[in-house]
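In what follows, a single structure is set out as structure tokens and then discussed.
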Amino acid sequence: MIPSLLPTYNRVDLAFERGQGSWLVTEGGERFLDLGAGIAVNALGHAHPALVELLADQGAKLWHVSNLYTIPQQQKLADKLVDLTFADTVFFTNSGTEACELAVKMARKYWHDKGDHDRVRIIGFEGSFHGRSSAGIAAAGGEKLTKGFGPLLPGFTHLPFGDLDGLTDALATGDVAAVIIEPVQGEGGIRPVPDDELKAIRAACDKTGTLLIFDEVQCGMGRTGKLFAHEYSGVTPDIMMVAKGIGGGFPLGAVLATENAASGMVAGTHGSTYGGNPLACAIGAKVTEIIADPDFLNEVSRKAGLMRQKLEGLVAAHPDVFEAVRGSGLMLGLKCKAPNTDVLAKCYDAKVLCVPAADNVLRILPALTIEDEDIAEAVTRLETAAKAITKTHEGQSQ
């Protein structure tokens with residue numbers, strides 16, 4: 001008999017009743033240190049006072065009216081994002097998956113309106129993740145995402161991670177509408193794209209007129225110490241997908257684009273019933289205001305340095321459990337030698353929450369507001385988990 005909840009998740013038997021900052025409390029009163037932040041969503045931690053106050057204030061006024069009408073909160077957030085980024089225009093969604101759908105439509109519509117109807121192919125990279133919609137799984141292409149869901153949306157080609165020569169050859173065919181890439185792969189195992197590679201991809205796209213889409217759903221909104229991860233490389237996309245951290249835990253996503261890239265998206269070409277509602281955009285504007293502050297981002301970088309230093313020490317002390325630390329800012333990955341699922345189980349025992357990823361990695365995605373003492377406590381608990389793994393392996397070898 002099928003359970004009342006569709007069993008598409010292997011959920012852990014943990015239920016949380018409340019949260020504060022970097023901590024979650026179960027129904028039984030157990031406290032867990034949260035290094036997952038809802039998979040990089042709760043950028044300002046749990047129950048941030050400014051967001052709680054705003055939620056109550058806006059919630060008492062107006063939640064939803066639909067995009068048939070002007071929404072001042074939506075306009076305010078759009079103006080803010082345009083001021084802070086490369087973009088000229090913004091469309092609001094409810095999730096990163098929805099943002100991917102629009103990004104794909106926008107790129108293909110751009111070439112259709114230019115009369116180049118055959119220029120529809122989109123180039124992606126192995127290990128990527130762009131959501132679980134038809135366009136999202138087709139763009140990523142991994143068997144784990146696509147198996148059993150055919151026929152897939154056509155027009156996508158996948159290259160090995162870092163294959164610049166393959167990209168050059170693909171673009172030379174003249175049928176490529178866009179390239180889509182995460183500046184830091186999240187689900188793929190916390191794999192940053194080197195700055196020189198992002199520059200080379202931008203140059204290759206410019207040479208052929210191809211649109212460049214950055215997926216910053218997980219790595220954006222201050223996660224790496226910059227407002228957006230691509231800022232380190234000094235290049236900008238034509239289209240960018242944003243979600244997760246922008247709502248601070250409230251469902252919100254966005255597609256940011258240049259005027260040129262968005263030129264095909266005129267009235268009637270796209271829509272959303274809930275996207276850009278007053279409640280979500282009021283919260284998103286406050287989150288963006290807080291995170292975009294240079295002093296806040298400097299603190300993220302400082303905390304990231306502290307956490308990375310401590311994690312490097314953890315890896316050095318437990319070479320039988322961990323191989324390396326990788327990532328950028330507070331988007332870090334512990335590459336494991338032991339199965340990451342085993343390590344994760346011991347983390348739960350130590351009451352610390354991490355997120356698994358591909359390539360046998362544990363993601364460390366804490367709130368950007370994590371306190372120094374919580375960073376120290378987090379590494380202490382991770383060490384407890386590592387010692388438990390070592391002890392288990394020693395027992396098995398005897």
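Order determines the names: the first chain of the structure tokens is A, the second B, and so forth; residues in each chain are numbered 1 upward, and ligands are numbered 1 upward as they are shown.
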Polymer residues at most 6 Å from region 93-110 of chain A, only C-alpha atoms, same-chain spacing of 6 or more positions, as a list in words: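 Listed by chain and then number, they are Val120, Gly131, Ala135, Val217, Met241, Ala243, Pro251, Leu252, Gly253, Ala254, Val255, Gly264 and Gly275 of chain A.
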Using only C-alpha atoms, find each residue of region 212-309 of chain A with at least one atom at most 12 Å away from an atom of region 201-206 of chain A; report its shortest atom-to-atom pair and that distance in Å (one decimal), sort the rows by chain and rising residue number, and return the result as a tab-separated table.
```
residue	atom	partner	partner_atom	distance
A:Leu212	CA	A:Cys205	CA	6.7
A:Ile213	CA	A:Arg202	CA	10.0
A:Phe214	CA	A:Arg202	CA	10.6
A:His230	CA	A:Arg202	CA	11.1
A:Ser233	CA	A:Arg202	CA	10.2
A:Gly234	CA	A:Arg202	CA	10.2
A:Val235	CA	A:Arg202	CA	7.0
A:Thr236	CA	A:Arg202	CA	7.9
A:Pro237	CA	A:Arg202	CA	7.7
A:Asp238	CA	A:Arg202	CA	9.7
```
Counting only C-alpha atoms, which of A:Val325, A:Val379, A:Val25, A:Leu159 gets nearest to Pro192 (chain A)?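 The answer is A:Val325, which sits nearest to Pro192 (chain A).
Distances from A:Phe250, A:Phe129, A:Phe296, A:Trp111 to Gly174 (chain A) were compared using only C-alpha atoms, and the smallest one belongs to A:Trp111.
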Please identify all polymer residues within 7 Å of region 366-369 of chain A, counting only C-alpha atoms, omitting same-chain residues fewer than 6 positions from it, and present them as a ChimeraX atom specification. /A:22,34-37,42-45,223,300,330
Keeping C-alpha atoms, export the residues of the selection given above as a CSV table (one decimal), in the first residue's frame.
```csv
chain,number,residue,atom,x,y,z
A,22,SER,CA,22.1,27.6,13.1
A,34,ASP,CA,22.4,22.7,11.1
A,35,LEU,CA,25.1,22.7,8.4
A,36,GLY,CA,22.6,22.1,5.6
A,37,ALA,CA,20.4,25.2,5.9
A,42,ASN,CA,18.0,29.3,5.0
A,43,ALA,CA,20.8,31.8,4.2
A,44,LEU,CA,20.0,33.9,7.3
A,45,GLY,CA,19.4,31.0,9.6
A,223,ARG,CA,27.0,31.7,-0.5
A,300,VAL,CA,30.8,35.5,5.1
A,330,LEU,CA,30.4,28.7,2.8
```
